[in-house]
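Shown next, in structure tokens, is the structure this report addresses.
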Amino acid sequence: MSGERADGASPDGLPPLREVIRAHGLAAKKSLGQNFILDLNLTRRIARAAGPLDGRTAVEVGPGPGGLTRALLLEGAARVVAVERDERCLPALAEIAARHPGRLDVHAGDALAADWRALVGSSGKKPVIVANLPYSVATLLLVGWLETEPWPPWFDRMVLMFQKEVAERIVAAPGSKAYGRLGVIAQWRASTRIVMTLKPEAFTPPPKVASAVVELIPRPVGNPPASVEVLGRVTAAAFGQRRKMLRVSLRQIVPNPEELLAAAGLRAEERAENLSVAEFARLAYIFERWPTEAAR
Ligand code: SAM
């Protein structure tokens, strides 16, 4: 494994990840999205992308055999709070916890059901969320974090691995093919950028597609202060029929889209893919206050 010292040992004194996987019988399960990163140099680069970790808690979804967890601890995270669904990984993670007393809390369970604030506590600097996400639930987890209330949220930033195609949707600009609901919500709540792309061979086993790490830094509440829930409803209607004009697609949520669009200063003939994030926010803000039953 790279990331080893010249004498073959890992810098944290723990066995190389291939050995950990062998010793604990952690054959990758496709159903759990298990594509592990075994190169500690690479996981340390991902950990460093989360900014200085000193004195911070890192929240990790799906530590698996612990490659990224070990990197976060080596890069100086004061504490790592991890949620892992696969109980087979727990003994391997317990060995990491024993090597770093008091710095690693592992919770067995489904990250989709986690109460993050309760797991993390509220003392000290805001935590960072850093994860090589299981792709089947990656978007759901991201949207959950983006919809956090109150805003600004309990976390300082997120550094997350997605399939490259999903990463491109998160950072997509208006007018591009990848621009859609996910990009509007992500960019309304955070400044977003792709910080690293990875070929399938970086993982064991390799997934079918390329991957990318996205950094999301929460923005202050926007102006006007559109509700993220309403923004979700408006973008669902608008992008649900993305080739249609807004005066057609928005009929799903309001009987008089032309008037709503005029009130928001938008052309009724415009298409969803050409609206900026700020324009969507203005539309959502006005829609929420629109005096019809359907708008409520
Ligand atoms: N962090 C490890 C790494 O980078 O090598 C493993 C990443 S692997 C892509 C995804 C991990 O998420 C697996 O360990 C898998 O068991 C776990 N996982 C899958 N679904 C989960 C869920 N709903 N909640 C928590 N963990 C989950």
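Naming works like this for the structure tokens: A, B, ... for the chains as they're shown, residue 1 at the start of each chain, ligands 1 onward in shown order.
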Inset, instruction - Please check which protein, DNA or RNA residues sit within 7 Å of ligand 1, counting only C-alpha atoms and all ligand atoms, and write them as a ChimeraX atom specification. - result: /A:32-38,61-69,83-86,109-112,131-135,137
How would the residues just chosen look if you wrote them out with N, CA, C and O atoms as a tab-separated table (two decimals), in the first residue's frame?
```
chain	number	residue	atom	x	y	z
A	32	LEU	N	-24.06	-2.44	-0.61
A	32	LEU	CA	-23.76	-1.35	0.33
A	32	LEU	C	-22.85	-0.29	-0.32
A	32	LEU	O	-22.30	0.58	0.36
A	33	GLY	N	-22.69	-0.38	-1.63
A	33	GLY	CA	-21.87	0.62	-2.34
A	33	GLY	C	-20.43	0.60	-1.88
A	33	GLY	O	-19.79	1.65	-1.76
A	34	GLN	N	-19.91	-0.60	-1.60
A	34	GLN	CA	-18.56	-0.67	-1.03
A	34	GLN	C	-17.48	-0.65	-2.12
A	34	GLN	O	-17.18	-1.67	-2.74
A	35	ASN	N	-16.92	0.51	-2.35
A	35	ASN	CA	-15.75	0.68	-3.21
A	35	ASN	C	-14.73	1.39	-2.33
A	35	ASN	O	-14.85	2.58	-2.06
A	36	PHE	N	-13.79	0.61	-1.84
A	36	PHE	CA	-12.86	1.12	-0.83
A	36	PHE	C	-11.66	1.82	-1.46
A	36	PHE	O	-11.21	1.45	-2.54
A	37	ILE	N	-11.13	2.80	-0.75
A	37	ILE	CA	-9.86	3.42	-1.15
A	37	ILE	C	-8.79	2.88	-0.20
A	37	ILE	O	-8.88	3.09	1.01
A	38	LEU	N	-7.81	2.21	-0.79
A	38	LEU	CA	-6.80	1.55	0.05
A	38	LEU	C	-5.49	2.34	0.12
A	38	LEU	O	-4.61	2.00	0.89
A	61	VAL	N	-19.50	9.35	6.93
A	61	VAL	CA	-20.49	8.31	6.62
A	61	VAL	C	-19.75	7.15	5.99
A	61	VAL	O	-18.97	7.34	5.06
A	62	GLY	N	-19.99	5.95	6.49
A	62	GLY	CA	-19.44	4.75	5.86
A	62	GLY	C	-17.94	4.64	5.93
A	62	GLY	O	-17.26	4.63	4.90
A	63	PRO	N	-17.35	4.51	7.13
A	63	PRO	CA	-15.89	4.37	7.22
A	63	PRO	C	-15.37	3.07	6.63
A	63	PRO	O	-14.19	3.00	6.26
A	64	GLY	N	-16.22	2.03	6.54
A	64	GLY	CA	-15.77	0.75	5.98
A	64	GLY	C	-14.57	0.22	6.73
A	64	GLY	O	-14.56	0.24	7.97
A	65	PRO	N	-13.50	-0.19	6.03
A	65	PRO	CA	-12.31	-0.69	6.74
A	65	PRO	C	-11.48	0.44	7.36
A	65	PRO	O	-10.53	0.17	8.08
A	66	GLY	N	-11.80	1.70	7.05
A	66	GLY	CA	-11.20	2.80	7.80
A	66	GLY	C	-10.12	3.60	7.10
A	66	GLY	O	-9.40	4.35	7.76
A	67	GLY	N	-10.01	3.51	5.78
A	67	GLY	CA	-8.95	4.25	5.07
A	67	GLY	C	-9.06	5.75	5.25
A	67	GLY	O	-8.08	6.42	5.61
A	68	LEU	N	-10.24	6.31	5.04
A	68	LEU	CA	-10.41	7.76	5.19
A	68	LEU	C	-10.41	8.15	6.68
A	68	LEU	O	-9.89	9.20	7.05
A	69	THR	N	-10.94	7.27	7.50
A	69	THR	CA	-10.96	7.53	8.95
A	69	THR	C	-9.53	7.70	9.48
A	69	THR	O	-9.23	8.65	10.22
A	83	VAL	N	-20.61	6.86	11.07
A	83	VAL	CA	-21.78	5.99	11.08
A	83	VAL	C	-21.60	4.95	9.97
A	83	VAL	O	-21.43	5.31	8.80
A	84	GLU	N	-21.59	3.68	10.34
A	84	GLU	CA	-21.37	2.60	9.38
A	84	GLU	C	-22.49	1.56	9.50
A	84	GLU	O	-22.83	1.11	10.58
A	85	ARG	N	-23.02	1.20	8.34
A	85	ARG	CA	-24.14	0.26	8.32
A	85	ARG	C	-23.70	-1.20	8.38
A	85	ARG	O	-24.46	-2.06	8.83
A	86	ASP	N	-22.47	-1.46	7.92
A	86	ASP	CA	-22.01	-2.85	7.81
A	86	ASP	C	-21.30	-3.26	9.10
A	86	ASP	O	-20.16	-2.86	9.35
A	109	GLY	N	-25.21	1.73	12.14
A	109	GLY	CA	-26.57	2.07	11.73
A	109	GLY	C	-26.60	2.74	10.38
A	109	GLY	O	-25.58	2.85	9.69
A	110	ASP	N	-27.82	3.19	10.03
A	110	ASP	CA	-28.08	3.78	8.73
A	110	ASP	C	-27.89	5.30	8.82
A	110	ASP	O	-28.58	5.97	9.59
A	111	ALA	N	-26.97	5.82	8.01
A	111	ALA	CA	-26.69	7.27	8.05
A	111	ALA	C	-27.92	8.09	7.70
A	111	ALA	O	-28.05	9.23	8.14
A	112	LEU	N	-28.84	7.52	6.92
A	112	LEU	CA	-30.04	8.28	6.54
A	112	LEU	C	-30.92	8.56	7.76
A	112	LEU	O	-31.73	9.48	7.75
A	131	ALA	N	-16.61	12.45	3.50
A	131	ALA	CA	-16.99	11.06	3.27
A	131	ALA	C	-16.81	10.64	1.83
A	131	ALA	O	-16.98	11.43	0.91
A	132	ASN	N	-16.47	9.38	1.68
A	132	ASN	CA	-16.52	8.68	0.40
A	132	ASN	C	-17.87	7.98	0.43
A	132	ASN	O	-18.01	6.90	0.99
A	133	LEU	N	-18.88	8.64	-0.11
A	133	LEU	CA	-20.27	8.22	0.14
A	133	LEU	C	-20.65	6.95	-0.62
A	133	LEU	O	-20.21	6.74	-1.75
A	134	PRO	N	-21.53	6.14	0.01
A	134	PRO	CA	-22.12	5.03	-0.76
A	134	PRO	C	-23.06	5.65	-1.79
A	134	PRO	O	-23.96	6.43	-1.45
A	135	TYR	N	-22.81	5.34	-3.09
A	135	TYR	CA	-23.46	6.11	-4.14
A	135	TYR	C	-24.98	5.97	-4.16
A	135	TYR	O	-25.67	6.90	-4.58
A	137	VAL	N	-27.07	6.20	-1.81
A	137	VAL	CA	-27.75	7.15	-0.92
A	137	VAL	C	-27.06	8.52	-0.87
A	137	VAL	O	-27.44	9.39	-0.09
```
Legend entry - Selection near Met196 in chain A, 9 Å with only C-alpha atoms, sequence-local residues under 4 positions removed, as a list in words: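 Result of the neighbour search: Ile46, Ala49, Ser211, Ala212, Val213 and Val214 of chain A.
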Inset, instruction - From a DSSP calculation on the backbone, collect every residue of range 105-258 of chain A in helix (DSSP H, G or I) and output the set as a ChimeraX atom specification. - result: /A:111-113,116-120,135-146,164-171,181-189,200-202,228-240,246-252,257-258
Inset, instruction - Identify, on the basis of only C-alpha atoms, every residue whose closest approach to Gly183 in chain A does not exceed 6 Å; exclude the query and any residue fewer than 3 positions from it along the same chain; express the result as JSON, numbers by chain. - result: {"A": [169, 170, 171, 172, 179, 180, 186, 187]}
Output file for the selection above: N, CA and C atoms, as a PDB file, in the first residue's frame:
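So the final result, stored in part.pdb, reads:
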```pdb
ATOM      1  N   ARG A 169     -23.437  17.658 -11.664  1.00  0.00           N
ATOM      2  CA  ARG A 169     -24.773  18.260 -11.471  1.00  0.00           C
ATOM      3  C   ARG A 169     -24.762  19.234 -10.291  1.00  0.00           C
ATOM      4  N   ILE A 170     -23.995  18.919  -9.259  1.00  0.00           N
ATOM      5  CA  ILE A 170     -23.963  19.787  -8.066  1.00  0.00           C
ATOM      6  C   ILE A 170     -23.377  21.164  -8.397  1.00  0.00           C
ATOM      7  N   VAL A 171     -22.364  21.182  -9.266  1.00  0.00           N
ATOM      8  CA  VAL A 171     -21.670  22.456  -9.538  1.00  0.00           C
ATOM      9  C   VAL A 171     -22.112  23.092 -10.860  1.00  0.00           C
ATOM     10  N   ALA A 172     -23.099  22.492 -11.546  1.00  0.00           N
ATOM     11  CA  ALA A 172     -23.440  22.913 -12.920  1.00  0.00           C
ATOM     12  C   ALA A 172     -23.927  24.357 -12.990  1.00  0.00           C
ATOM     13  N   TYR A 179     -27.253  21.101 -15.457  1.00  0.00           N
ATOM     14  CA  TYR A 179     -27.919  22.035 -14.524  1.00  0.00           C
ATOM     15  C   TYR A 179     -29.349  21.560 -14.246  1.00  0.00           C
ATOM     16  N   GLY A 180     -29.678  21.475 -12.968  1.00  0.00           N
ATOM     17  CA  GLY A 180     -31.008  21.009 -12.603  1.00  0.00           C
ATOM     18  C   GLY A 180     -31.286  21.311 -11.143  1.00  0.00           C
ATOM     19  N   ALA A 186     -28.144  23.042  -4.159  1.00  0.00           N
ATOM     20  CA  ALA A 186     -26.780  23.038  -3.596  1.00  0.00           C
ATOM     21  C   ALA A 186     -26.175  24.439  -3.642  1.00  0.00           C
ATOM     22  N   GLN A 187     -26.344  25.123  -4.783  1.00  0.00           N
ATOM     23  CA  GLN A 187     -25.683  26.433  -4.946  1.00  0.00           C
ATOM     24  C   GLN A 187     -26.439  27.544  -4.229  1.00  0.00           C
TER      25      GLN A 187
END
```
Inset, instruction - Could you tell me which of A:Arg117, A:Lys164, A:Arg282, A:Arg45 comes closest to Ser227 in chain A if we count only C-alpha atoms? - result: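 Closest residue, counting only C-alpha atoms: A:Arg282.
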Legend entry - Residue among A:Ser276, A:Leu72, A:Ala263, A:Val234 lying closest to Ser249 in chain A, counting only C-alpha atoms: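 Answer, going by the shortest atom-to-atom distance: A:Val234.
Take CA of Pro218 in chain A and CA of Leu74 in chain A: the distance between them is 25.6 Å.
Counting only C-alpha atoms, the residue from A:Glu165, A:Asp156, A:Glu273, A:Asp105 that sits nearest to Lys177 in chain A is A:Glu273.
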Inset, instruction - Name the closest residue to Ile194 in chain A among the candidates A:Val106, A:Ala167, A:Leu260, A:Val221; distances are taken between atoms, counting only C-alpha atoms. - result: A:Ala167
Legend entry - Close residues, Ala226 in chain A itself excluded, 7 Å, only C-alpha atoms, min 5 positions apart in chain, as an MDAnalysis selection string: chainID A and resid 231 281 284:285
Would you export the selected residues with C-alpha atoms as a PDB file, in the first residue's frame, please?
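See out_24.pdb below for the written result:
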```
ATOM      1  CA  LEU A 231     -37.331  26.106  -3.690  1.00  0.00           C
ATOM      2  CA  ALA A 281     -34.830  31.873  -5.312  1.00  0.00           C
ATOM      3  CA  ALA A 284     -39.713  30.576  -4.809  1.00  0.00           C
ATOM      4  CA  TYR A 285     -39.889  33.543  -2.436  1.00  0.00           C
TER       5      TYR A 285
END
```
Legend entry - Between CA of Arg193 in chain A and CA of Leu216 in chain A, distance in Å (one decimal): 6.9 Å
Inset, instruction - Write down as a VMD selection string the residues belonging to range 120-296 of chain A that are assigned strand (DSSP E or B) by DSSP computed on the backbone. - result: chain A and resid 128 to 132 157 to 163 190 to 198 204 211 to 218 245 271
Could you save the residues just selected, with N, CA, C and O atoms, as a tab-separated table (two decimals), in the first residue's frame?
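Wrote it out as out.tsv, contents follow:
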```tsv
chain	number	residue	atom	x	y	z
A	128	VAL	N	-16.70	19.30	10.32
A	128	VAL	CA	-16.71	19.14	8.87
A	128	VAL	C	-17.28	17.76	8.56
A	128	VAL	O	-17.13	16.84	9.36
A	129	ILE	N	-17.95	17.66	7.42
A	129	ILE	CA	-18.46	16.35	6.99
A	129	ILE	C	-17.56	15.90	5.85
A	129	ILE	O	-17.40	16.61	4.85
A	130	VAL	N	-16.93	14.76	6.01
A	130	VAL	CA	-15.99	14.26	5.01
A	130	VAL	C	-16.32	12.80	4.75
A	130	VAL	O	-16.33	12.00	5.70
A	131	ALA	N	-16.61	12.45	3.50
A	131	ALA	CA	-16.99	11.06	3.27
A	131	ALA	C	-16.81	10.64	1.83
A	131	ALA	O	-16.98	11.43	0.91
A	132	ASN	N	-16.47	9.38	1.68
A	132	ASN	CA	-16.52	8.68	0.40
A	132	ASN	C	-17.87	7.98	0.43
A	132	ASN	O	-18.01	6.90	0.99
A	157	ARG	N	-18.28	22.83	6.74
A	157	ARG	CA	-18.18	22.53	5.31
A	157	ARG	C	-18.37	21.05	5.07
A	157	ARG	O	-18.36	20.26	6.02
A	158	MET	N	-18.56	20.69	3.80
A	158	MET	CA	-18.67	19.28	3.43
A	158	MET	C	-17.65	19.00	2.32
A	158	MET	O	-17.50	19.82	1.40
A	159	VAL	N	-16.98	17.88	2.42
A	159	VAL	CA	-16.07	17.43	1.37
A	159	VAL	C	-16.47	15.99	1.07
A	159	VAL	O	-16.24	15.09	1.88
A	160	LEU	N	-17.12	15.79	-0.08
A	160	LEU	CA	-17.82	14.53	-0.31
A	160	LEU	C	-17.50	13.93	-1.67
A	160	LEU	O	-17.46	14.66	-2.67
A	161	MET	N	-17.34	12.62	-1.68
A	161	MET	CA	-17.10	11.90	-2.94
A	161	MET	C	-18.42	11.44	-3.53
A	161	MET	O	-19.24	10.82	-2.83
A	162	PHE	N	-18.60	11.75	-4.82
A	162	PHE	CA	-19.78	11.32	-5.57
A	162	PHE	C	-19.33	10.67	-6.88
A	162	PHE	O	-18.19	10.84	-7.29
A	163	GLN	N	-20.27	10.04	-7.55
A	163	GLN	CA	-20.02	9.69	-8.95
A	163	GLN	C	-19.77	11.01	-9.67
A	163	GLN	O	-20.44	12.01	-9.37
A	190	ALA	N	-24.87	26.72	-0.71
A	190	ALA	CA	-23.42	26.58	-0.50
A	190	ALA	C	-22.66	27.04	-1.73
A	190	ALA	O	-23.20	27.05	-2.84
A	191	SER	N	-21.40	27.42	-1.52
A	191	SER	CA	-20.54	27.60	-2.69
A	191	SER	C	-19.94	26.22	-2.95
A	191	SER	O	-19.53	25.51	-2.02
A	192	THR	N	-19.93	25.85	-4.22
A	192	THR	CA	-19.59	24.46	-4.56
A	192	THR	C	-18.46	24.43	-5.57
A	192	THR	O	-18.38	25.28	-6.45
A	193	ARG	N	-17.58	23.45	-5.42
A	193	ARG	CA	-16.57	23.25	-6.49
A	193	ARG	C	-16.04	21.82	-6.40
A	193	ARG	O	-16.01	21.21	-5.32
A	194	ILE	N	-15.64	21.33	-7.58
A	194	ILE	CA	-15.02	20.00	-7.63
A	194	ILE	C	-13.55	20.19	-7.29
A	194	ILE	O	-12.86	21.02	-7.91
A	195	VAL	N	-13.06	19.45	-6.29
A	195	VAL	CA	-11.66	19.64	-5.88
A	195	VAL	C	-10.75	18.52	-6.38
A	195	VAL	O	-9.52	18.67	-6.34
A	196	MET	N	-11.33	17.42	-6.83
A	196	MET	CA	-10.49	16.29	-7.24
A	196	MET	C	-11.34	15.34	-8.07
A	196	MET	O	-12.52	15.16	-7.74
A	197	THR	N	-10.79	14.78	-9.14
A	197	THR	CA	-11.52	13.70	-9.82
A	197	THR	C	-10.68	12.43	-9.73
A	197	THR	O	-9.44	12.50	-9.70
A	198	LEU	N	-11.35	11.31	-9.66
A	198	LEU	CA	-10.66	10.03	-9.47
A	198	LEU	C	-11.14	9.02	-10.50
A	198	LEU	O	-12.34	8.91	-10.77
A	204	THR	N	-11.17	-0.10	-4.73
A	204	THR	CA	-11.18	-1.56	-4.74
A	204	THR	C	-12.53	-2.04	-4.19
A	204	THR	O	-12.83	-1.74	-3.03
A	211	SER	N	-15.24	9.16	-10.42
A	211	SER	CA	-15.76	9.80	-9.21
A	211	SER	C	-15.14	11.18	-9.05
A	211	SER	O	-14.13	11.49	-9.69
A	212	ALA	N	-15.74	11.99	-8.21
A	212	ALA	CA	-15.17	13.32	-7.96
A	212	ALA	C	-15.50	13.75	-6.53
A	212	ALA	O	-16.56	13.41	-5.99
A	213	VAL	N	-14.57	14.51	-5.96
A	213	VAL	CA	-14.77	15.06	-4.62
A	213	VAL	C	-15.28	16.49	-4.77
A	213	VAL	O	-14.68	17.29	-5.49
A	214	VAL	N	-16.37	16.79	-4.09
A	214	VAL	CA	-16.95	18.13	-4.15
A	214	VAL	C	-16.83	18.79	-2.78
A	214	VAL	O	-17.08	18.17	-1.75
A	215	GLU	N	-16.43	20.07	-2.81
A	215	GLU	CA	-16.41	20.88	-1.58
A	215	GLU	C	-17.65	21.75	-1.58
A	215	GLU	O	-17.97	22.39	-2.59
A	216	LEU	N	-18.37	21.75	-0.47
A	216	LEU	CA	-19.55	22.62	-0.33
A	216	LEU	C	-19.39	23.44	0.95
A	216	LEU	O	-19.31	22.88	2.06
A	217	ILE	N	-19.31	24.76	0.79
A	217	ILE	CA	-19.15	25.64	1.96
A	217	ILE	C	-20.45	26.43	2.13
A	217	ILE	O	-20.85	27.17	1.22
A	218	PRO	N	-21.13	26.25	3.27
A	218	PRO	CA	-22.42	26.92	3.45
A	218	PRO	C	-22.32	28.42	3.25
A	218	PRO	O	-21.37	29.07	3.70
A	245	MET	N	-41.68	25.68	-21.62
A	245	MET	CA	-41.60	27.04	-21.08
A	245	MET	C	-42.17	27.03	-19.65
A	245	MET	O	-43.05	26.24	-19.33
A	271	ARG	N	-37.15	29.02	-20.08
A	271	ARG	CA	-37.09	27.61	-19.70
A	271	ARG	C	-36.26	27.45	-18.44
A	271	ARG	O	-35.33	28.24	-18.21
```
Legend entry - Distance of CA of Ala28 in chain A from CA of Asp115 in chain A, expressed in Å to one decimal place: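 Computing the Euclidean distance for CA of Asp115 in chain A and CA of Ala28 in chain A yields 26.7 Å.
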Legend entry - Within 12 Å of Gly102 in chain A using only C-alpha atoms, minus same-chain residues under 6 positions, as number ranges by chain: A: 57, 73, 77-81, 94, 96
Spatial neighbours of Asn256 in chain A, 10 Å, only C-alpha atoms, chain gap at least 4 places, as a PDB file with N, CA, C and O atoms, in the first residue's frame:
```pdb
ATOM      1  N   ARG A 247     -44.190  28.955 -18.215  1.00  0.00           N
ATOM      2  CA  ARG A 247     -45.627  29.196 -18.075  1.00  0.00           C
ATOM      3  C   ARG A 247     -46.419  27.893 -18.232  1.00  0.00           C
ATOM      4  O   ARG A 247     -47.551  27.804 -17.786  1.00  0.00           O
ATOM      5  N   VAL A 248     -45.803  26.884 -18.822  1.00  0.00           N
ATOM      6  CA  VAL A 248     -46.446  25.563 -18.935  1.00  0.00           C
ATOM      7  C   VAL A 248     -46.062  24.693 -17.727  1.00  0.00           C
ATOM      8  O   VAL A 248     -46.930  24.159 -17.035  1.00  0.00           O
ATOM      9  N   LEU A 250     -44.929  25.342 -14.797  1.00  0.00           N
ATOM     10  CA  LEU A 250     -45.331  25.781 -13.446  1.00  0.00           C
ATOM     11  C   LEU A 250     -46.836  25.642 -13.193  1.00  0.00           C
ATOM     12  O   LEU A 250     -47.292  25.873 -12.071  1.00  0.00           O
ATOM     13  N   ARG A 251     -47.581  25.224 -14.228  1.00  0.00           N
ATOM     14  CA  ARG A 251     -49.024  25.001 -14.004  1.00  0.00           C
ATOM     15  C   ARG A 251     -49.266  23.909 -12.971  1.00  0.00           C
ATOM     16  O   ARG A 251     -50.323  23.850 -12.359  1.00  0.00           O
ATOM     17  N   LEU A 260     -47.429  34.949 -11.840  1.00  0.00           N
ATOM     18  CA  LEU A 260     -46.347  34.667 -10.879  1.00  0.00           C
ATOM     19  C   LEU A 260     -44.989  35.028 -11.487  1.00  0.00           C
ATOM     20  O   LEU A 260     -44.161  35.689 -10.846  1.00  0.00           O
ATOM     21  N   LEU A 261     -44.768  34.614 -12.734  1.00  0.00           N
ATOM     22  CA  LEU A 261     -43.489  34.890 -13.390  1.00  0.00           C
ATOM     23  C   LEU A 261     -43.288  36.396 -13.572  1.00  0.00           C
ATOM     24  O   LEU A 261     -42.180  36.908 -13.351  1.00  0.00           O
ATOM     25  N   THR A 292     -52.872  32.236  -3.606  1.00  0.00           N
ATOM     26  CA  THR A 292     -53.838  31.237  -4.075  1.00  0.00           C
ATOM     27  C   THR A 292     -53.685  30.016  -3.190  1.00  0.00           C
ATOM     28  O   THR A 292     -52.627  29.778  -2.603  1.00  0.00           O
ATOM     29  N   ALA A 294     -53.405  27.034  -4.186  1.00  0.00           N
ATOM     30  CA  ALA A 294     -52.432  26.103  -4.766  1.00  0.00           C
ATOM     31  C   ALA A 294     -51.009  26.458  -4.374  1.00  0.00           C
ATOM     32  O   ALA A 294     -50.143  25.595  -4.383  1.00  0.00           O
TER      33      ALA A 294
END
```
